[in-house]
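Here is model-v2.cif, consisting of mmCIF, C-alpha atoms:
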```cif
data_query
#
loop_
_atom_site.label_atom_id
_atom_site.label_comp_id
_atom_site.auth_asym_id
_atom_site.auth_seq_id
_atom_site.Cartn_x
_atom_site.Cartn_y
_atom_site.Cartn_z
CA MET O 14 0.00 0.00 0.00
CA THR O 15 2.42 2.58 -1.27
CA PHE O 16 1.96 6.25 -2.13
CA LEU O 17 4.89 8.18 -3.54
CA VAL O 18 5.55 11.75 -4.63
CA GLU O 19 8.69 11.84 -6.74
CA PRO O 20 10.42 14.13 -9.22
CA HIS O 21 9.63 13.52 -12.90
CA PRO O 22 10.15 11.01 -14.52
CA ILE O 23 8.30 8.56 -12.27
CA ASP O 24 8.50 4.79 -12.69
CA PRO O 25 5.39 2.80 -11.78
CA ALA O 26 7.04 -0.59 -12.43
CA PRO O 27 7.90 -1.28 -8.76
CA LEU O 28 4.30 -0.47 -7.73
CA ARG O 29 2.95 -2.77 -10.43
CA ALA O 30 5.16 -5.53 -9.07
CA GLU O 31 4.02 -4.75 -5.52
CA LEU O 32 0.36 -5.15 -6.48
CA ALA O 33 0.76 -8.33 -8.51
CA SER O 34 -0.56 -11.27 -6.57
CA ARG O 35 -1.69 -14.80 -7.44
CA ASP O 36 -5.03 -14.28 -5.69
CA CYS O 37 -5.86 -11.16 -7.72
CA GLY O 38 -7.56 -11.90 -11.00
CA GLY O 39 -8.34 -8.27 -11.74
CA PHE O 40 -5.72 -5.55 -12.00
CA VAL O 41 -6.74 -2.05 -13.08
CA PHE O 42 -4.42 0.87 -13.41
CA PHE O 43 -4.92 4.49 -14.45
CA GLU O 44 -2.25 6.68 -15.98
CA GLY O 45 -2.78 10.44 -15.86
CA ARG O 46 -0.74 11.97 -18.66
CA VAL O 47 -0.14 15.61 -19.53
CA ARG O 48 -2.67 16.75 -22.10
CA ASP O 49 -1.72 19.24 -24.82
CA HIS O 50 -4.81 21.42 -24.36
CA HIS O 51 -6.92 22.88 -21.55
CA GLU O 52 -10.10 24.94 -21.93
CA GLY O 53 -9.37 25.69 -25.56
CA ARG O 54 -5.72 26.62 -25.07
CA THR O 55 -2.69 24.74 -26.30
CA VAL O 56 -0.64 23.49 -23.35
CA THR O 57 3.11 23.12 -23.89
CA GLY O 58 4.15 22.19 -20.36
CA LEU O 59 3.04 21.58 -16.78
CA HIS O 60 4.82 22.26 -13.52
CA TYR O 61 3.73 20.23 -10.50
CA GLU O 62 4.54 21.40 -6.99
CA ALA O 63 3.81 19.35 -3.89
CA TYR O 64 3.80 19.96 -0.15
CA ARG O 65 5.88 16.83 0.01
CA GLU O 66 5.54 15.76 3.66
CA LEU O 67 1.81 16.35 3.82
CA ALA O 68 1.15 14.94 0.32
CA GLY O 69 2.92 11.73 1.32
CA LYS O 70 0.88 11.35 4.52
CA GLU O 71 -2.41 12.26 2.91
CA GLY O 72 -1.79 10.00 -0.08
CA ARG O 73 -0.90 7.02 2.13
CA ARG O 74 -4.03 7.63 4.18
CA LEU O 75 -6.23 7.64 1.04
CA VAL O 76 -4.59 4.52 -0.40
CA ALA O 77 -5.12 2.62 2.86
CA GLU O 78 -8.68 3.86 3.28
CA ILE O 79 -9.82 2.97 -0.24
CA ALA O 80 -7.96 -0.35 -0.27
CA ALA O 81 -9.77 -1.33 2.93
CA LYS O 82 -13.13 -0.09 1.66
CA TYR O 83 -13.02 -2.25 -1.49
CA GLY O 84 -10.85 -5.08 -0.18
CA VAL O 85 -8.20 -4.49 -2.84
CA ARG O 86 -4.45 -3.95 -2.99
CA ALA O 87 -3.69 -0.40 -4.09
CA ALA O 88 -0.76 1.94 -4.75
CA ALA O 89 -0.10 5.26 -6.45
CA ILE O 90 2.71 7.61 -7.47
CA HIS O 91 2.55 11.30 -8.45
CA ALA O 92 5.22 13.30 -10.27
CA THR O 93 6.55 16.77 -9.40
CA GLY O 94 8.59 19.17 -11.52
CA ASP O 95 8.39 20.12 -15.17
CA LEU O 96 6.50 17.84 -17.55
CA VAL O 97 5.51 18.13 -21.21
CA PRO O 98 2.46 16.71 -23.02
CA GLY O 99 2.54 12.94 -23.06
CA ASP O 100 4.55 12.64 -19.83
CA LEU O 101 3.23 10.50 -16.99
CA ALA O 102 1.95 12.73 -14.16
CA VAL O 103 0.20 10.21 -11.93
CA TRP O 104 -0.20 6.45 -11.78
CA VAL O 105 -2.84 4.65 -9.69
CA GLY O 106 -3.25 0.89 -9.52
CA ALA O 107 -5.69 -1.47 -7.81
CA ALA O 108 -5.66 -5.26 -7.79
CA ALA O 109 -8.51 -7.47 -6.56
CA PRO O 110 -9.78 -11.01 -6.85
CA HIS O 111 -12.49 -9.73 -9.23
CA ARG O 112 -12.50 -6.83 -11.66
CA GLU O 113 -15.48 -4.85 -10.23
CA GLN O 114 -13.67 -3.94 -7.02
CA ALA O 115 -10.47 -3.16 -8.90
CA PHE O 116 -12.24 -0.77 -11.32
CA ALA O 117 -14.18 0.95 -8.55
CA ALA O 118 -11.20 1.35 -6.23
CA CYS O 119 -8.95 2.66 -8.99
CA ARG O 120 -11.54 5.23 -10.02
CA GLU O 121 -12.19 6.41 -6.47
CA LEU O 122 -8.51 6.60 -5.63
CA ILE O 123 -7.56 8.83 -8.57
CA ASP O 124 -10.49 11.15 -7.80
CA ALA O 125 -9.55 11.31 -4.13
CA ILE O 126 -5.89 12.01 -4.91
CA LYS O 127 -6.82 14.86 -7.23
CA ALA O 128 -9.15 16.40 -4.67
CA HIS O 129 -7.22 15.97 -1.44
CA VAL O 130 -3.49 15.52 -1.90
CA PRO O 131 -1.73 18.92 -1.66
CA ILE O 132 -0.25 19.13 -5.13
CA TRP O 133 -0.69 22.08 -7.46
CA LYS O 134 0.00 22.58 -11.14
CA ARG O 135 0.99 25.47 -13.29
CA GLU O 136 0.25 25.27 -17.00
CA THR O 137 2.36 26.90 -19.69
CA TYR O 138 0.61 27.74 -22.93
CA ALA O 139 1.74 28.04 -26.56
CA ASN O 140 1.85 31.84 -26.21
CA GLY O 141 4.51 31.50 -23.49
CA LYS O 142 2.17 32.56 -20.64
CA SER O 143 1.66 30.35 -17.64
CA GLU O 144 -1.00 30.11 -14.96
CA TRP O 145 -1.72 28.15 -11.80
CA VAL O 146 -4.66 25.86 -12.35
CA GLU O 147 -7.35 26.37 -9.73
CA GLY O 148 -8.38 23.37 -7.76
CA CYS O 149 -11.89 22.92 -6.48
CA SER O 150 -12.57 23.37 -2.78
CA CYS O 151 -15.75 21.33 -2.77
CA GLY O 152 -13.73 18.30 -1.64
CA ALA O 153 -15.91 15.88 -3.60
CA ALA O 154 -14.23 13.28 -5.75
CA HIS O 155 -15.13 14.35 -9.25
CA SER O 156 -13.75 15.78 -12.44
CA HIS O 157 -14.60 19.16 -13.88
CA GLY O 158 -15.68 20.05 -17.36
CA PRO O 159 -17.62 17.95 -19.85
CA LEU O 160 -16.32 14.52 -20.64
CA ALA O 161 -14.86 14.17 -24.11
CA LYS O 162 -17.24 12.51 -26.52
CA PRO O 163 -16.01 9.19 -27.84
CA MET G 5 39.76 54.11 3.00
CA LYS G 6 37.06 52.02 4.59
CA VAL G 7 34.85 54.08 6.89
CA PRO G 8 34.93 52.60 10.39
CA LEU G 9 31.53 51.46 11.61
CA HIS G 10 30.75 52.13 15.26
CA GLY G 11 27.68 51.02 17.16
CA LEU G 12 25.47 53.24 19.28
CA PHE G 13 22.82 51.71 21.51
CA LEU G 14 20.32 54.43 22.37
CA ALA G 15 19.24 54.03 25.98
CA GLY G 16 18.89 57.68 26.98
CA GLY G 17 15.12 57.90 26.59
CA LYS G 18 12.98 58.53 29.65
CA SER G 19 10.70 55.51 29.03
CA SER G 20 7.91 57.53 30.60
CA ARG G 21 5.05 55.64 28.93
CA MET G 22 6.58 52.30 29.90
CA GLY G 23 7.07 53.53 33.46
CA ARG G 24 10.40 51.71 33.72
CA GLU G 25 13.76 51.77 31.97
CA LYS G 26 13.17 50.13 28.58
CA ALA G 27 16.82 49.12 28.15
CA SER G 28 16.58 46.98 31.29
CA LEU G 29 13.50 45.06 30.15
CA VAL G 30 13.80 41.36 29.42
CA VAL G 31 11.79 40.12 26.40
CA GLY G 32 12.51 36.45 25.71
CA ASP G 33 15.94 35.63 24.32
CA GLY G 34 17.35 33.73 27.23
CA GLY G 35 16.80 36.36 29.88
CA LEU G 36 19.02 39.09 28.40
CA THR G 37 18.05 42.70 28.99
CA GLN G 38 17.35 44.78 25.91
CA ALA G 39 20.66 46.56 26.51
CA ALA G 40 22.70 43.34 26.75
CA ARG G 41 21.00 41.86 23.71
CA GLY G 42 21.29 45.03 21.61
CA ILE G 43 24.93 45.68 22.49
CA GLY G 44 25.72 42.05 21.65
CA LEU G 45 24.07 42.41 18.23
CA LEU G 46 25.86 45.69 17.44
CA ARG G 47 29.22 44.22 18.40
CA ARG G 48 28.88 41.60 15.68
CA PHE G 49 29.04 44.36 13.06
CA CYS G 50 30.87 47.26 14.68
CA ASP G 51 34.51 47.69 15.65
CA ARG G 52 33.44 49.72 18.68
CA THR G 53 30.10 49.89 20.39
CA TYR G 54 28.89 52.52 22.84
CA LEU G 55 25.94 53.18 25.04
CA SER G 56 24.12 56.48 24.53
CA LEU G 57 22.90 57.92 27.86
CA ARG G 58 21.54 61.16 29.25
CA GLU G 59 23.83 63.28 31.43
CA GLY G 60 24.04 61.61 34.83
CA GLN G 61 21.96 58.56 33.83
CA PRO G 62 23.33 55.24 35.18
CA ALA G 63 23.96 52.39 32.72
CA PRO G 64 21.04 49.98 32.26
CA GLU G 65 21.27 46.44 33.61
CA GLY G 66 23.50 44.14 31.61
CA ALA G 67 25.51 46.99 30.03
CA ASP G 68 27.44 48.47 32.94
CA LYS G 69 30.84 47.74 31.38
CA VAL G 70 30.05 49.46 28.08
CA THR G 71 31.54 52.93 27.49
CA ALA G 72 28.83 55.57 27.62
CA ILE G 73 28.55 58.62 25.38
CA ARG G 74 26.50 61.44 26.86
CA ASP G 75 23.90 63.40 24.90
CA SER G 76 25.01 66.44 22.94
CA ASP G 77 23.38 69.72 23.97
CA GLU G 78 22.86 70.56 20.28
CA ALA G 79 19.54 68.68 20.20
CA GLN G 80 16.96 66.74 22.19
CA GLY G 81 15.78 63.13 22.18
CA PRO G 82 17.59 60.49 20.13
CA LEU G 83 19.16 63.15 17.92
CA ALA G 84 21.07 64.41 20.97
CA GLY G 85 22.48 60.92 21.40
CA ILE G 86 23.50 60.64 17.74
CA LEU G 87 25.16 64.08 17.72
CA GLY G 88 26.91 63.08 20.94
CA ALA G 89 28.38 60.10 19.08
CA PHE G 90 29.67 62.32 16.25
CA ARG G 91 31.21 64.66 18.85
CA GLU G 92 33.07 61.56 20.13
CA THR G 93 34.17 60.22 16.70
CA PRO G 94 33.28 62.41 13.70
CA VAL G 95 35.00 60.17 11.12
CA ALA G 96 33.00 57.04 11.94
CA ALA G 97 29.71 55.86 10.50
CA TRP G 98 27.31 55.05 13.36
CA LEU G 99 25.04 52.05 13.37
CA VAL G 100 22.33 53.34 15.66
CA MET G 101 19.80 51.11 17.38
CA ALA G 102 17.13 52.11 19.89
CA CYS G 103 16.64 50.16 23.10
CA ASP G 104 12.99 49.35 22.45
CA LEU G 105 13.32 47.15 19.35
CA PRO G 106 13.31 43.61 20.77
CA PHE G 107 12.69 41.93 17.39
CA VAL G 108 15.71 43.26 15.50
CA SER G 109 17.64 40.25 14.23
CA GLU G 110 21.23 39.73 13.25
CA ALA G 111 20.06 39.17 9.64
CA LEU G 112 18.28 42.53 9.65
CA LEU G 113 21.45 44.34 10.75
CA ALA G 114 23.59 42.32 8.32
CA ASN G 115 21.34 43.43 5.45
CA LEU G 116 21.50 47.08 6.58
CA VAL G 117 25.29 46.97 6.91
CA GLY G 118 25.45 45.37 3.45
CA ARG G 119 23.43 48.26 1.99
CA PHE G 120 25.76 50.72 3.70
CA ARG G 121 28.89 49.00 2.40
CA GLU G 122 27.51 49.24 -1.14
CA LYS G 123 27.29 53.03 -0.78
CA PRO G 124 29.55 54.02 2.12
CA ASP G 125 29.42 57.71 1.15
CA ALA G 126 25.64 57.95 1.58
CA PRO G 127 24.88 60.18 4.57
CA LEU G 128 22.06 57.93 5.77
CA THR G 129 21.21 54.24 5.26
CA ALA G 130 17.77 53.32 6.54
CA TYR G 131 14.79 51.01 6.14
CA ALA G 132 11.25 51.99 5.22
CA SER G 133 8.62 51.03 7.76
CA SER G 134 6.58 48.03 6.65
CA ARG G 135 3.48 49.74 8.10
CA ASP G 136 3.54 53.20 6.54
CA GLY G 137 6.64 53.41 4.35
CA LEU G 138 8.14 56.15 6.54
CA PRO G 139 11.85 56.11 7.41
CA GLU G 140 12.97 53.97 10.36
CA PRO G 141 15.63 56.25 11.87
CA LEU G 142 16.34 54.28 15.03
CA CYS G 143 17.78 51.21 13.36
CA ALA G 144 19.87 52.98 10.73
CA ILE G 145 23.38 53.96 9.77
CA TYR G 146 24.49 57.58 10.02
CA GLY G 147 27.56 58.21 7.86
CA PRO G 148 30.09 60.94 8.72
CA SER G 149 28.55 63.19 6.07
CA SER G 150 25.20 63.15 7.89
CA ARG G 151 26.58 65.16 10.82
CA PRO G 152 26.33 68.64 9.19
CA ILE G 153 22.87 67.76 7.91
CA LEU G 154 21.70 66.75 11.38
CA GLN G 155 23.29 69.84 12.91
CA ARG G 156 21.59 72.12 10.38
CA HIS G 157 18.18 70.67 11.28
CA ALA G 158 18.92 70.70 15.00
CA ALA G 159 19.91 74.37 14.82
CA ARG G 160 16.42 75.27 13.66
CA GLY G 161 14.76 73.10 16.26
CA ASN G 162 13.98 70.07 14.10
CA PHE G 163 15.03 67.26 16.41
CA CYS G 164 13.01 64.44 14.87
CA PRO G 165 15.27 62.07 12.90
CA ARG G 166 12.27 60.75 10.97
CA HIS G 167 11.31 64.26 9.80
CA ILE G 168 14.91 64.96 8.90
CA MET G 169 15.15 61.80 6.81
CA ARG G 170 11.90 62.67 5.03
CA GLU G 171 12.94 66.26 4.35
CA GLU G 172 16.30 65.08 3.04
CA ASN G 173 14.61 62.51 0.77
CA VAL G 174 16.81 59.74 2.08
CA PRO G 175 16.51 56.66 -0.17
CA LEU G 176 14.99 53.88 1.92
CA PHE G 177 15.43 50.13 1.71
CA PRO G 178 12.57 47.68 2.12
CA LEU G 179 12.62 45.44 5.18
CA PRO G 180 13.46 41.86 4.20
CA ALA G 181 10.14 39.98 3.97
CA GLU G 182 11.09 37.55 6.74
CA ASP G 183 11.80 40.50 9.06
CA SER G 184 8.84 42.68 8.14
CA GLY G 185 7.80 43.04 11.79
CA ALA G 186 11.31 43.42 13.18
CA LEU G 187 11.10 47.16 13.85
CA GLU G 188 7.95 47.07 15.97
CA ASN G 189 8.84 48.97 19.11
CA LEU G 190 7.74 48.79 22.70
CA ASN G 191 6.34 51.91 24.33
CA THR G 192 3.81 50.79 26.88
CA PRO G 193 3.38 47.96 29.36
CA GLU G 194 0.71 46.62 26.96
CA ASP G 195 3.28 46.50 24.12
CA LEU G 196 5.61 44.59 26.42
CA ALA G 197 2.92 42.11 27.46
CA GLY G 198 2.05 41.60 23.78
CA ALA G 199 5.68 41.01 22.83
CA VAL G 200 6.14 38.49 25.61
CA ALA G 201 2.92 36.69 24.60
CA ALA G 202 3.65 36.75 20.86
CA ARG G 203 4.30 33.37 19.33
CA GLU G 204 6.96 32.70 16.79
CA ILE G 205 5.35 30.77 13.92
CA HIS G 206 7.06 29.34 10.86
CA LEU G 207 4.99 29.81 7.73
CA ALA G 208 5.46 27.81 4.54
CA TRP G 209 3.94 28.85 1.23
CA PHE G 210 3.27 26.64 -1.78
CA GLY G 211 2.28 26.99 -5.41
CA HIS G 212 0.25 30.04 -6.33
CA LEU G 213 0.39 31.41 -2.78
CA ALA G 214 4.21 31.19 -2.68
CA GLU G 215 4.22 33.23 -5.85
CA ARG G 216 1.77 35.83 -4.51
CA ARG G 217 3.66 36.09 -1.22
CA GLY G 218 7.02 36.22 -3.03
CA LEU G 219 8.67 33.68 -0.75
CA ARG G 220 8.39 30.08 0.38
CA LYS G 221 9.24 30.30 4.06
CA GLU G 222 9.07 33.00 6.70
CA THR G 223 9.01 33.31 10.46
CA VAL G 224 6.42 35.63 11.90
CA ARG G 225 5.70 36.82 15.41
CA VAL G 226 1.99 36.90 15.99
CA LYS G 227 -0.51 37.31 18.78
CA ALA G 228 -2.97 35.09 16.91
CA GLY G 229 -4.37 32.34 19.14
CA THR G 230 -5.72 30.11 16.38
CA ALA G 231 -4.89 29.28 12.78
CA ASP G 232 -7.96 31.27 11.74
CA ASP G 233 -6.73 34.39 13.62
CA LEU G 234 -3.35 33.97 11.94
CA LEU G 235 -4.95 33.68 8.51
CA ARG G 236 -6.80 36.96 9.09
CA GLU G 237 -3.68 38.65 10.46
CA ILE G 238 -1.63 37.58 7.42
CA GLU G 239 -4.39 38.58 5.03
CA ASP G 240 -4.66 42.05 6.62
CA LEU G 241 -0.93 42.47 6.26
CA HIS G 242 -0.26 41.08 2.80
CA ARG G 243 -3.62 40.93 0.93
CA LEU G 244 -2.98 37.54 -0.63
CA GLY G 245 -6.66 36.92 -1.31
CA LEU G 246 -6.83 34.14 1.30
CA ASP G 247 -10.45 33.10 1.53
CA PRO G 248 -11.09 31.33 4.86
CA LYS G 249 -13.82 29.26 3.21
CA GLU G 250 -11.45 27.98 0.55
CA VAL G 251 -8.08 27.69 2.26
CA ARG G 252 -7.07 24.56 4.14
CA VAL G 253 -4.71 24.73 7.10
CA ALA G 254 -1.83 22.41 7.94
CA ILE G 255 0.13 22.56 11.18
CA ASN G 256 3.33 20.55 11.49
CA ASP G 257 2.50 18.60 8.30
CA GLU G 258 -1.03 17.60 9.33
CA PHE G 259 -4.34 18.99 8.10
CA VAL G 260 -6.11 20.66 11.02
CA PRO G 261 -9.40 22.49 11.53
CA ARG G 262 -9.14 26.27 11.16
CA ASP G 263 -9.86 26.91 14.83
CA CYS G 264 -6.83 24.83 15.84
CA ARG G 265 -4.74 26.56 18.54
CA LEU G 266 -1.23 27.72 17.67
CA HIS G 267 1.82 26.96 19.76
CA PRO G 268 5.20 28.69 19.63
CA GLY G 269 7.40 27.13 16.96
CA ASP G 270 4.50 25.60 14.99
CA ARG G 271 5.00 25.18 11.24
CA VAL G 272 1.86 26.50 9.58
CA ALA G 273 0.81 26.35 5.92
CA PHE G 274 -2.29 27.77 4.26
CA LEU G 275 -3.17 25.70 1.21
CA LEU G 276 -5.29 26.45 -1.82
CA PRO G 277 -7.47 23.60 -3.10
CA SER G 278 -5.32 20.86 -4.62
CA ALA G 279 -5.00 20.61 -8.37
CA GLY G 280 -2.87 17.54 -8.90
CA GLY G 281 -3.36 14.71 -11.36
#
```
Give the structure from the file, written as C-alpha cells.
Amino acid sequence: MTFLVEPHPIDPAPLRAELASRDCGGFVFFEGRVRDHHEGRTVTGLHYEAYRELAGKEGRRLVAEIAAKYGVRAAAIHATGDLVPGDLAVWVGAAAPHREQAFAACRELIDAIKAHVPIWKRETYANGKSEWVEGCSCGAAHSHGPLAKP
Amino acid sequence: MKVPLHGLFLAGGKSSRMGREKASLVVGDGGLTQAARGIGLLRRFCDRTYLSLREGQPAPEGADKVTAIRDSDEAQGPLAGILGAFRETPVAAWLVMACDLPFVSEALLANLVGRFREKPDAPLTAYASSRDGLPEPLCAIYGPSSRPILQRHAARGNFCPRHIMREENVPLFPLPAEDSGALENLNTPEDLAGAVAAREIHLAWFGHLAERRGLRKETVRVKAGTADDLLREIEDLHRLGLDPKEVRVAINDEFVPRDCRLHPGDRVAFLLPSAGG
C-alpha cells in the first residue's frame, strides 16, 4: 500500500510488481498523462509542486482507506517538476480477486488524490504565458468540465 | 579608505510611557536585557560599540561595562544621542539602534550593513517602515557626512530624525520579507505584554500562494491564538486573497481544523485547493 511523490520522470514498475498477486484476478491501473490542451488553449508544459511531507501522509491515508473499503491492494505515485504533453503525471493501480472492485477502487482513488493531496500545477501555454490551475474546494471526488465525446 | 563602523545603543530615553527603563526590560531571548542583547548584536558588526545615555543617567542592567557617550546639547531626544556620538568620533559611520526594538535580528542588521557597504558615502542608510513606508531612523546607519545635515536641522529646532530623513529625501530600503515586523517597538506595558505573549510561527507557502507572497518560508511573530486568527492577520498584512472558506490549514504537516490553537514554533501552511493529477 504505497503512495509516492517523486520528481519527474516517475517509474510505476515497482508499484505494479508490488500489487501483482496470485489471488488477484483483476488488476486495473490508471495513468494520468499531460494533455496538450486545456479549456481551448494549447498546453506546452506543466509544472507540479507538492507539499511533500503532507502529500505523502495524505496520499498514504487515502490509499489505505480505499484499499480497505473495497478489499483491494492499491498503490499510487505522483510526479513533481516540469512535464511536457505525453509525460506520466500520476499512476494509480488497484488489484482485486475480481474486476469490479479493482475498477471501482482505482476510479475512487484517482479522484480522491486529485481532490485531497496537496499538489498544485501550473500550465504553460503556446503563447509563453503560464497560470496556476485552480483546484476545487468542494472536496468531492469528481472531475470538472464535460467529458470528451467518444 | 574604509569608513569605520561604530555602534550606538540608544538608551537615553525617559521611558515615561513604559514607566520603567526600557533598556533593562527582558523580552525572551534567554533572559538578556534589551541593553545586553542590543549591544551584543551591534558588536557583531561594529569595531566599537557605545551606550548612549543622558547626562548623569546610570547604565542599564546588563551593560554596565560598556563605554557611555552622553547626549550632545545641540539637540533633544535620540538626535542628541547621535550628535553626541559624532562629537566623540566624527569620522565614523554610526550604526544606531534604539533600546525598544526587541525583534531586531542579526540578519536585519547584516542586510542594513550590506546596503551601507555598497554606498559608504551615503549620509544615511535606513529602512522603510513596513506599516507606513516612513523612514525607520532608530535602526539605521548615520555616515560621517550626515553630521552637518543633522546639525543644520537641529539648529532650527527640528530634532526628529524621521522628519529629517523625510525632508532630506533619504533613499529607503525595504525590510526583508522575513523581518517585516522586526522594527515594531515597545512603548507601553501593553506592548511589552504583547511582545512576551507573541508566538513565533514558521509559515510555509506553496504553489500560487508562494508566488503571490514572493517567498516560500518566513518566520512571523503573531498574537494570533488560532490558525484562523493567523490567517486573518496575514491577510490584513499582505492581501494575498486568502479566503477562509477555501483555504485549508496544515500545522506541522497535518491537516487541522481552522480553529486549531497555535503553539510557539509551529510550522503552519495555508493551502489552496489541490490541483494535482
Contacts between chain G and chain O, please, where a residue of chain O counts if it comes within 9 Å (with all atoms listed in the file); show its shortest atom pair and distance in Å to one decimal, rows by chain and ascending number, as JSON lines.
```
{"residue": "O:Gly45", "atom": "CA", "partner": "G:Gly281", "partner_atom": "CA", "distance": 6.2}
{"residue": "O:Arg46", "atom": "CA", "partner": "G:Gly281", "partner_atom": "CA", "distance": 8.2}
{"residue": "O:Val47", "atom": "CA", "partner": "G:Gly281", "partner_atom": "CA", "distance": 8.8}
{"residue": "O:Tyr61", "atom": "CA", "partner": "G:Gly280", "partner_atom": "CA", "distance": 7.3}
{"residue": "O:Glu62", "atom": "CA", "partner": "G:Gly211", "partner_atom": "CA", "distance": 6.2}
{"residue": "O:Ala63", "atom": "CA", "partner": "G:Phe210", "partner_atom": "CA", "distance": 7.6}
{"residue": "O:Tyr64", "atom": "CA", "partner": "G:Phe210", "partner_atom": "CA", "distance": 6.9}
{"residue": "O:Glu66", "atom": "CA", "partner": "G:Asp257", "partner_atom": "CA", "distance": 6.2}
{"residue": "O:Leu67", "atom": "CA", "partner": "G:Asp257", "partner_atom": "CA", "distance": 5.1}
{"residue": "O:Ala68", "atom": "CA", "partner": "G:Asp257", "partner_atom": "CA", "distance": 8.9}
{"residue": "O:Lys70", "atom": "CA", "partner": "G:Glu258", "partner_atom": "CA", "distance": 8.1}
{"residue": "O:Glu71", "atom": "CA", "partner": "G:Glu258", "partner_atom": "CA", "distance": 8.5}
{"residue": "O:His91", "atom": "CA", "partner": "G:Gly281", "partner_atom": "CA", "distance": 7.4}
{"residue": "O:Ala92", "atom": "CA", "partner": "G:Gly281", "partner_atom": "CA", "distance": 8.8}
{"residue": "O:Ala102", "atom": "CA", "partner": "G:Gly281", "partner_atom": "CA", "distance": 6.3}
{"residue": "O:Val103", "atom": "CA", "partner": "G:Gly281", "partner_atom": "CA", "distance": 5.8}
{"residue": "O:Trp104", "atom": "CA", "partner": "G:Gly281", "partner_atom": "CA", "distance": 8.9}
{"residue": "O:Ile123", "atom": "CA", "partner": "G:Gly281", "partner_atom": "CA", "distance": 7.7}
{"residue": "O:Asp124", "atom": "CA", "partner": "G:Gly281", "partner_atom": "CA", "distance": 8.7}
{"residue": "O:Ile126", "atom": "CA", "partner": "G:Gly281", "partner_atom": "CA", "distance": 7.4}
{"residue": "O:Lys127", "atom": "CA", "partner": "G:Gly280", "partner_atom": "CA", "distance": 5.1}
{"residue": "O:Ala128", "atom": "CA", "partner": "G:Ser278", "partner_atom": "CA", "distance": 5.9}
{"residue": "O:His129", "atom": "CA", "partner": "G:Ser278", "partner_atom": "CA", "distance": 6.1}
{"residue": "O:Val130", "atom": "CA", "partner": "G:Ser278", "partner_atom": "CA", "distance": 6.3}
{"residue": "O:Pro131", "atom": "CA", "partner": "G:Ser278", "partner_atom": "CA", "distance": 5.0}
{"residue": "O:Ile132", "atom": "CA", "partner": "G:Gly280", "partner_atom": "CA", "distance": 4.9}
{"residue": "O:Trp133", "atom": "CA", "partner": "G:Ala279", "partner_atom": "CA", "distance": 4.6}
{"residue": "O:Lys134", "atom": "CA", "partner": "G:Ala279", "partner_atom": "CA", "distance": 6.0}
{"residue": "O:Arg135", "atom": "CA", "partner": "G:Gly211", "partner_atom": "CA", "distance": 8.1}
{"residue": "O:Glu144", "atom": "CA", "partner": "G:His212", "partner_atom": "CA", "distance": 8.7}
{"residue": "O:Trp145", "atom": "CA", "partner": "G:His212", "partner_atom": "CA", "distance": 6.1}
{"residue": "O:Val146", "atom": "CA", "partner": "G:Ala279", "partner_atom": "CA", "distance": 6.6}
{"residue": "O:Glu147", "atom": "CA", "partner": "G:Ala279", "partner_atom": "CA", "distance": 6.4}
{"residue": "O:Gly148", "atom": "CA", "partner": "G:Ala279", "partner_atom": "CA", "distance": 4.4}
{"residue": "O:Cys149", "atom": "CA", "partner": "G:Pro277", "partner_atom": "CA", "distance": 5.6}
{"residue": "O:Ser150", "atom": "CA", "partner": "G:Pro277", "partner_atom": "CA", "distance": 5.1}
{"residue": "O:Cys151", "atom": "CA", "partner": "G:Glu250", "partner_atom": "CA", "distance": 8.6}
{"residue": "O:Gly152", "atom": "CA", "partner": "G:Pro277", "partner_atom": "CA", "distance": 8.3}
```
Give me the residues near stretch 173-180 of chain G as a PDB file with C-alpha atoms, in the frame of the given file, where near means some atom within 7 Å (using only C-alpha atoms) and where sequence neighbours in that chain fewer than 5 positions away do not count.
```
ATOM      1  CA  LEU G 128      22.060  57.930   5.770  1.00  0.00           C
ATOM      2  CA  ALA G 130      17.770  53.320   6.540  1.00  0.00           C
ATOM      3  CA  TYR G 131      14.790  51.010   6.140  1.00  0.00           C
ATOM      4  CA  ALA G 132      11.250  51.990   5.220  1.00  0.00           C
ATOM      5  CA  SER G 134       6.580  48.030   6.650  1.00  0.00           C
ATOM      6  CA  PRO G 139      11.850  56.110   7.410  1.00  0.00           C
TER       7      PRO G 139
END
```
For O:Arg54, please output as a list in words all residues within 8 Å (counting all atoms listed in the file; exclusion window: fewer than 4 positions along the same chain). His50, Tyr138 and Ala139 of chain O
The selected residues should be written to file as a PDB file, keeping the file's coordinate frame (atoms: C-alpha atoms).
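Contents of the output file selection-v4.pdb:
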```
ATOM      1  CA  HIS O  50      -4.810  21.420 -24.360  1.00  0.00           C
ATOM      2  CA  TYR O 138       0.610  27.740 -22.930  1.00  0.00           C
ATOM      3  CA  ALA O 139       1.740  28.040 -26.560  1.00  0.00           C
TER       4      ALA O 139
END
```
Counting only C-alpha atoms, which residues have an atom no more than 6 Å from (-5.7, -0.4, -6.2) in the file's coordinates? Please list them as a CSV table (one decimal) with C-alpha atoms, in the frame of the given file.
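Below you can see result-v4.csv, which holds the result:
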```
chain,number,residue,atom,x,y,z
O,85,VAL,CA,-8.2,-4.5,-2.8
O,86,ARG,CA,-4.4,-4.0,-3.0
O,87,ALA,CA,-3.7,-0.4,-4.1
O,88,ALA,CA,-0.8,1.9,-4.8
O,106,GLY,CA,-3.2,0.9,-9.5
O,107,ALA,CA,-5.7,-1.5,-7.8
O,108,ALA,CA,-5.7,-5.3,-7.8
O,118,ALA,CA,-11.2,1.4,-6.2
O,119,CYS,CA,-9.0,2.7,-9.0
```
Atomic distance atom CA of G:Gly229 - atom CA of G:Arg265, expressed in Å with one decimal: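 Separating atom CA of G:Gly229 from atom CA of G:Arg265 is a distance of 5.8 Å.
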Would you list the contacts of stretch 66-72 of chain G as a list in words, taking every protein, DNA or RNA residue within 7 Å and counting only C-alpha atoms, but skipping same-chain residues closer than 2 positions in sequence?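 Residues near the query, excluding close chain neighbours: Thr37, Ala39, Ala40, Tyr54, Leu55, Ser56, Leu57, Ala63, Pro64 and Arg74 of chain G.
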Using all atoms listed in the file, which protein or nucleic acid residues come within 9 Å of O:Asp24? Drop anything in the same chain fewer than 3 positions from it, and give the result as a PyMOL selection string. chain O and resi 21+27-28+90+101+104
Please write the residues picked by the PyMOL selection byres ((chain O and resi 77) around 9) on this file as a ChimeraX atom specification. /O:14-15,72-76,78-82,86-88
